[in-house]
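The file structure_31.pdb contains PDB, C-alpha atoms, pLDDT in the B column:
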```pdb
ATOM      1  CA  MET A  11       0.000   0.000   0.000  1.00 82.00           C
ATOM      2  CA  HIS A  12       1.504   3.313  -1.074  1.00 90.00           C
ATOM      3  CA  CYS A  13       1.742   6.051   1.538  1.00 93.00           C
ATOM      4  CA  PRO A  14      -0.485   9.005   0.560  1.00 94.00           C
ATOM      5  CA  PHE A  15       2.040  11.432   2.086  1.00 96.00           C
ATOM      6  CA  CYS A  16       5.492  10.363   0.884  1.00 96.00           C
ATOM      7  CA  HIS A  17       4.410   7.748  -1.715  1.00 94.00           C
ATOM      8  CA  HIS A  18       6.670   5.088  -0.237  1.00 95.00           C
ATOM      9  CA  ASP A  19       5.431   1.692  -1.385  1.00 93.00           C
ATOM     10  CA  ASP A  20       5.362  -0.071   1.967  1.00 93.00           C
ATOM     11  CA  SER A  21       3.298   0.300   5.118  1.00 94.00           C
ATOM     12  CA  ARG A  22       2.436  -1.813   8.106  1.00 95.00           C
ATOM     13  CA  VAL A  23      -1.025  -2.510   9.473  1.00 94.00           C
ATOM     14  CA  VAL A  24      -1.518  -1.052  12.957  1.00 94.00           C
ATOM     15  CA  ASP A  25      -5.200  -1.957  13.467  1.00 92.00           C
ATOM     16  CA  THR A  26      -7.869  -3.858  11.524  1.00 90.00           C
ATOM     17  CA  ARG A  27     -11.624  -3.655  12.068  1.00 88.00           C
ATOM     18  CA  LEU A  28     -14.640  -4.996  10.258  1.00 79.00           C
ATOM     19  CA  SER A  29     -17.195  -2.349   9.282  1.00 75.00           C
ATOM     20  CA  ASP A  30     -20.604  -2.399  10.976  1.00 72.00           C
ATOM     21  CA  ASP A  31     -22.275  -3.875   7.883  1.00 66.00           C
ATOM     22  CA  GLY A  32     -19.550  -6.502   7.524  1.00 65.00           C
ATOM     23  CA  LEU A  33     -18.920  -5.588   3.901  1.00 67.00           C
ATOM     24  CA  SER A  34     -15.614  -3.786   4.290  1.00 77.00           C
ATOM     25  CA  ILE A  35     -12.469  -3.779   6.392  1.00 85.00           C
ATOM     26  CA  ARG A  36     -11.013  -0.600   7.906  1.00 89.00           C
ATOM     27  CA  ARG A  37      -7.250  -0.676   8.389  1.00 92.00           C
ATOM     28  CA  ARG A  38      -5.029   1.861  10.164  1.00 95.00           C
ATOM     29  CA  ARG A  39      -1.621   1.803   8.531  1.00 96.00           C
ATOM     30  CA  GLU A  40       1.739   3.370   9.262  1.00 96.00           C
ATOM     31  CA  CYS A  41       4.239   4.217   6.550  1.00 96.00           C
ATOM     32  CA  VAL A  42       7.573   2.474   7.191  1.00 96.00           C
ATOM     33  CA  SER A  43       9.420   5.476   5.719  1.00 96.00           C
ATOM     34  CA  CYS A  44       7.822   8.690   7.073  1.00 97.00           C
ATOM     35  CA  LYS A  45       5.975   7.022  10.041  1.00 97.00           C
ATOM     36  CA  ARG A  46       2.734   8.901   9.290  1.00 97.00           C
ATOM     37  CA  ARG A  47      -0.531   7.028   9.725  1.00 97.00           C
ATOM     38  CA  PHE A  48      -3.444   6.708   7.327  1.00 96.00           C
ATOM     39  CA  THR A  49      -6.637   4.688   6.991  1.00 94.00           C
ATOM     40  CA  THR A  50      -7.704   2.395   4.182  1.00 92.00           C
ATOM     41  CA  ILE A  51     -11.105   0.868   3.564  1.00 89.00           C
ATOM     42  CA  GLU A  52     -10.989  -2.450   1.758  1.00 84.00           C
ATOM     43  CA  THR A  53     -13.894  -4.141   0.070  1.00 76.00           C
ATOM     44  CA  SER A  54     -14.031  -7.221  -2.080  1.00 68.00           C
ATOM     45  CA  SER A  55     -15.709  -6.832  -5.415  1.00 72.00           C
ATOM     46  CA  PHE A  56     -18.203  -9.540  -6.190  1.00 82.00           C
ATOM     47  CA  SER A  57     -20.041  -9.669  -9.494  1.00 90.00           C
ATOM     48  CA  VAL A  58     -22.499 -11.789 -11.413  1.00 92.00           C
ATOM     49  CA  GLU A  59     -22.153 -12.620 -15.096  1.00 91.00           C
ATOM     50  CA  LYS A  60     -25.541 -12.799 -16.765  1.00 91.00           C
ATOM     51  CA  ARG A  61     -26.336 -15.172 -19.614  1.00 88.00           C
ATOM     52  CA  SER A  62     -25.954 -12.271 -22.041  1.00 92.00           C
ATOM     53  CA  GLY A  63     -22.337 -11.825 -20.921  1.00 91.00           C
ATOM     54  CA  VAL A  64     -23.022  -8.586 -19.042  1.00 91.00           C
ATOM     55  CA  VAL A  65     -21.263  -8.434 -15.657  1.00 91.00           C
ATOM     56  CA  GLU A  66     -22.903  -6.491 -12.842  1.00 91.00           C
ATOM     57  CA  PRO A  67     -22.393  -6.204  -9.084  1.00 88.00           C
ATOM     58  CA  PHE A  68     -24.032  -8.923  -6.982  1.00 89.00           C
ATOM     59  CA  SER A  69     -27.329  -7.704  -5.542  1.00 90.00           C
ATOM     60  CA  LYS A  70     -29.056  -9.270  -2.557  1.00 91.00           C
ATOM     61  CA  ASP A  71     -32.143  -7.275  -3.600  1.00 92.00           C
ATOM     62  CA  LYS A  72     -32.253  -9.175  -6.903  1.00 93.00           C
ATOM     63  CA  VAL A  73     -31.999 -12.485  -5.056  1.00 94.00           C
ATOM     64  CA  ILE A  74     -34.844 -11.392  -2.779  1.00 95.00           C
ATOM     65  CA  SER A  75     -37.077 -10.239  -5.646  1.00 93.00           C
ATOM     66  CA  GLY A  76     -36.510 -13.489  -7.557  1.00 92.00           C
ATOM     67  CA  VAL A  77     -37.264 -15.628  -4.534  1.00 95.00           C
ATOM     68  CA  ARG A  78     -40.204 -13.431  -3.472  1.00 94.00           C
ATOM     69  CA  LYS A  79     -42.051 -14.430  -6.661  1.00 92.00           C
ATOM     70  CA  ALA A  80     -41.726 -18.101  -5.725  1.00 93.00           C
ATOM     71  CA  CYS A  81     -42.925 -17.276  -2.188  1.00 94.00           C
ATOM     72  CA  GLN A  82     -46.112 -15.465  -3.248  1.00 94.00           C
ATOM     73  CA  GLY A  83     -48.975 -16.606  -1.049  1.00 93.00           C
ATOM     74  CA  ARG A  84     -46.628 -18.575   1.214  1.00 94.00           C
ATOM     75  CA  PRO A  85     -45.967 -17.860   4.909  1.00 95.00           C
ATOM     76  CA  VAL A  86     -42.520 -16.338   4.254  1.00 94.00           C
ATOM     77  CA  ASP A  87     -41.706 -12.899   5.682  1.00 94.00           C
ATOM     78  CA  ASP A  88     -39.276 -10.246   4.450  1.00 93.00           C
ATOM     79  CA  HIS A  89     -36.801 -10.976   7.249  1.00 95.00           C
ATOM     80  CA  SER A  90     -36.565 -14.623   6.164  1.00 95.00           C
ATOM     81  CA  LEU A  91     -35.930 -13.523   2.574  1.00 95.00           C
ATOM     82  CA  ALA A  92     -33.194 -11.135   3.725  1.00 94.00           C
ATOM     83  CA  VAL A  93     -31.534 -13.919   5.738  1.00 94.00           C
ATOM     84  CA  LEU A  94     -31.742 -16.243   2.731  1.00 95.00           C
ATOM     85  CA  ALA A  95     -30.108 -13.619   0.484  1.00 93.00           C
ATOM     86  CA  GLN A  96     -27.344 -13.070   3.055  1.00 91.00           C
ATOM     87  CA  ARG A  97     -26.678 -16.805   3.282  1.00 93.00           C
ATOM     88  CA  VAL A  98     -26.566 -17.090  -0.517  1.00 94.00           C
ATOM     89  CA  GLU A  99     -24.069 -14.220  -0.725  1.00 90.00           C
ATOM     90  CA  GLU A 100     -21.886 -15.717   2.003  1.00 87.00           C
ATOM     91  CA  GLN A 101     -21.839 -19.091   0.291  1.00 90.00           C
ATOM     92  CA  LEU A 102     -20.962 -17.586  -3.095  1.00 90.00           C
ATOM     93  CA  ARG A 103     -18.236 -15.369  -1.601  1.00 85.00           C
ATOM     94  CA  SER A 104     -16.744 -18.338   0.241  1.00 81.00           C
ATOM     95  CA  ALA A 105     -16.009 -19.962  -3.119  1.00 80.00           C
ATOM     96  CA  GLY A 106     -13.263 -17.349  -3.479  1.00 78.00           C
ATOM     97  CA  THR A 107     -14.071 -16.157  -6.996  1.00 83.00           C
ATOM     98  CA  SER A 108     -14.884 -12.550  -7.809  1.00 84.00           C
ATOM     99  CA  VAL A 109     -17.344 -13.346 -10.631  1.00 90.00           C
ATOM    100  CA  VAL A 110     -20.074 -15.980 -10.542  1.00 93.00           C
ATOM    101  CA  SER A 111     -22.653 -16.892 -13.169  1.00 93.00           C
ATOM    102  CA  THR A 112     -26.401 -16.422 -12.742  1.00 92.00           C
ATOM    103  CA  ASP A 113     -26.558 -20.221 -12.923  1.00 90.00           C
ATOM    104  CA  GLU A 114     -24.335 -20.481  -9.827  1.00 92.00           C
ATOM    105  CA  VAL A 115     -26.541 -17.941  -8.014  1.00 94.00           C
ATOM    106  CA  GLY A 116     -29.641 -20.008  -8.808  1.00 92.00           C
ATOM    107  CA  LYS A 117     -27.953 -23.193  -7.600  1.00 92.00           C
ATOM    108  CA  ALA A 118     -26.879 -21.450  -4.387  1.00 94.00           C
ATOM    109  CA  ILE A 119     -30.438 -20.239  -3.702  1.00 96.00           C
ATOM    110  CA  GLN A 120     -32.112 -23.638  -3.948  1.00 93.00           C
ATOM    111  CA  PRO A 121     -30.910 -25.391  -0.769  1.00 93.00           C
ATOM    112  CA  PHE A 122     -31.702 -22.352   1.389  1.00 95.00           C
ATOM    113  CA  LEU A 123     -35.137 -21.937  -0.192  1.00 95.00           C
ATOM    114  CA  ARG A 124     -35.753 -25.656   0.240  1.00 92.00           C
ATOM    115  CA  GLU A 125     -35.163 -25.214   3.999  1.00 93.00           C
ATOM    116  CA  LEU A 126     -37.358 -22.131   4.130  1.00 94.00           C
ATOM    117  CA  ASP A 127     -40.453 -23.339   2.248  1.00 93.00           C
ATOM    118  CA  GLU A 128     -40.845 -26.520   0.210  1.00 92.00           C
ATOM    119  CA  VAL A 129     -43.635 -25.191  -2.021  1.00 93.00           C
ATOM    120  CA  ALA A 130     -41.660 -22.031  -2.844  1.00 95.00           C
ATOM    121  CA  TYR A 131     -38.638 -24.244  -3.533  1.00 93.00           C
ATOM    122  CA  LEU A 132     -40.651 -26.342  -6.013  1.00 92.00           C
ATOM    123  CA  ARG A 133     -41.889 -23.198  -7.753  1.00 93.00           C
ATOM    124  CA  PHE A 134     -38.383 -21.744  -7.987  1.00 93.00           C
ATOM    125  CA  ALA A 135     -36.787 -25.028  -9.050  1.00 90.00           C
ATOM    126  CA  SER A 136     -39.445 -25.650 -11.696  1.00 90.00           C
ATOM    127  CA  VAL A 137     -38.590 -22.363 -13.411  1.00 87.00           C
ATOM    128  CA  TYR A 138     -34.861 -22.272 -12.657  1.00 83.00           C
ATOM    129  CA  SER A 139     -34.207 -25.915 -13.531  1.00 82.00           C
ATOM    130  CA  GLY A 140     -36.657 -25.866 -16.434  1.00 83.00           C
ATOM    131  CA  PHE A 141     -38.939 -28.691 -15.365  1.00 88.00           C
ATOM    132  CA  GLN A 142     -40.391 -30.182 -18.549  1.00 89.00           C
ATOM    133  CA  SER A 143     -42.816 -32.788 -17.263  1.00 88.00           C
ATOM    134  CA  LEU A 144     -44.698 -34.115 -14.281  1.00 91.00           C
ATOM    135  CA  SER A 145     -41.886 -36.599 -13.680  1.00 91.00           C
ATOM    136  CA  ASP A 146     -39.535 -33.657 -12.972  1.00 89.00           C
ATOM    137  CA  PHE A 147     -41.922 -32.511 -10.228  1.00 90.00           C
ATOM    138  CA  GLU A 148     -42.336 -36.079  -8.971  1.00 92.00           C
ATOM    139  CA  GLU A 149     -38.557 -36.501  -8.632  1.00 91.00           C
ATOM    140  CA  ALA A 150     -38.235 -33.204  -6.755  1.00 90.00           C
ATOM    141  CA  ILE A 151     -41.125 -34.098  -4.436  1.00 91.00           C
ATOM    142  CA  ALA A 152     -39.661 -37.567  -3.793  1.00 92.00           C
ATOM    143  CA  SER A 153     -36.361 -35.937  -2.863  1.00 90.00           C
ATOM    144  CA  LEU A 154     -38.147 -33.539  -0.464  1.00 90.00           C
ATOM    145  CA  ARG A 155     -40.006 -36.465   1.140  1.00 91.00           C
ATOM    146  CA  ALA A 156     -36.785 -38.446   1.543  1.00 90.00           C
ATOM    147  CA  ASP A 157     -35.072 -35.442   3.169  1.00 86.00           C
ATOM    148  CA  ARG A 158     -38.006 -34.935   5.530  1.00 85.00           C
ATOM    149  CA  ALA A 159     -38.033 -38.625   6.498  1.00 85.00           C
ATOM    150  CA  GLN A 160     -34.278 -38.484   7.131  1.00 84.00           C
ATOM    151  CA  ARG A 161     -34.688 -35.396   9.383  1.00 81.00           C
ATOM    152  CA  GLU A 162     -37.563 -37.003  11.310  1.00 82.00           C
ATOM    153  CA  HIS A 163     -35.551 -40.193  11.741  1.00 79.00           C
ATOM    154  CA  HIS A 164     -32.627 -38.253  13.258  1.00 74.00           C
ATOM    155  CA  ASP A 165     -34.821 -36.170  15.610  1.00 67.00           C
TER     156      ASP A 165
END
```

Any chance you could put this one into structure tokens?
Amino acid sequence: MHCPFCHHDDSRVVDTRLSDDGLSIRRRRECVSCKRRFTTIETSSFSVEKRSGVVEPFSKDKVISGVRKACQGRPVDDHSLAVLAQRVEEQLRSAGTSVVSTDEVGKAIQPFLRELDEVAYLRFASVYSGFQSLSDFEEAIASLRADRAQREHHD
């Protein structure tokens, strides 16, 4: 990190803190040459590549609006959708890549939505995964039933 005062190309970190929203890191640094201190704010860029090839910043709001459609008429509140979007973002960021595809976003949404509401999950999966027939729904429902039986067996 270049010193903003003397432009020396080395500094040491004196203090590191996570911002209140958890999206950036605030670092106090000291120049090894002139000994003056300065602050940097570091954020990680995280983008989504759409099918058209356009790359745009990841948006939790877009995740929420996409999932909200699948949740119409279901007992799912806004807080639950916000938590789902946060979990999706955390999972995608943990992969360590700075650009993910819309396909990867859709895949990341499904397990969290499945936990939240099975009917909303089926709606989302039917559109996202392009269900073509009743057998696609039957397979998804059989998988949900097997998961539920497994959970009940372990409880």

Next item on the list: Enumerate, as number ranges by chain, the residues matched when the PyMOL selection byres ((chain A and resi 121) around 12) is run on the file above.
Entry: A: 94-95, 97-98, 101, 115-120, 122-128, 130-132, 134-135, 154, 157

Checklist line | Selection result of the PyMOL selection byres ((chain A and resi 49) around 10) on this file, as a list of chain:residue names | finding: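 Evaluating the PyMOL selection byres ((chain A and resi 49) around 10) on these coordinates yields A:Pro14, A:Val23, A:Val24, A:Asp25, A:Thr26, A:Arg36, A:Arg37, A:Arg38, A:Arg39, A:Glu40, A:Arg47, A:Phe48, A:Thr50, A:Ile51, A:Glu52.
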
Check: Can you list, as an MDAnalysis selection string, every protein, DNA or RNA residue that comes within 10 Å of Leu102 (chain A) when you count only C-alpha atoms, leaving out same-chain residues fewer than 6 positions away?
Finding: chainID A and resid 56 68 96 108:110 114:115 118:119

Next item on the list: Quick one: pull the distance between CA of Leu28 (chain A) and CA of Leu91 (chain A), Å, one decimal.
Entry: 24.2 Å

Next item on the list: Rank A:Val129, A:Cys13, A:Ala159, A:Leu144 by their smallest atom-to-atom distance to Arg84 (chain A), using only C-alpha atoms, and report the top residue only.
Entry: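 Nearest candidate to Arg84 (chain A) out of A:Val129, A:Cys13, A:Ala159, A:Leu144: A:Val129.
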
Margin query: One number please: CA of Asp113 (chain A) to CA of Tyr138 (chain A), in Å, one decimal.
Written below: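 Here the two named atoms are 8.6 Å from each other.
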
Notebook entry, point to check: CA of Gly63 (chain A) and CA of Lys79 (chain A) are how many Å apart?
Noted result: 24.5 Å

Next item on the list: With the file shown as input, list the residues that the PyMOL selection byres ((chain A and resi 57) around 10) selects, as number ranges by chain.
Entry: A: 54-56, 58-60, 65-69, 103, 107-112

Notebook entry, point to check: Smallest atom-to-atom distance to His12 (chain A): which of A:Lys72, A:Arg46, A:Arg133, A:His164, using all atoms listed in the file?
Noted result: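 Closest candidate: A:Arg46.
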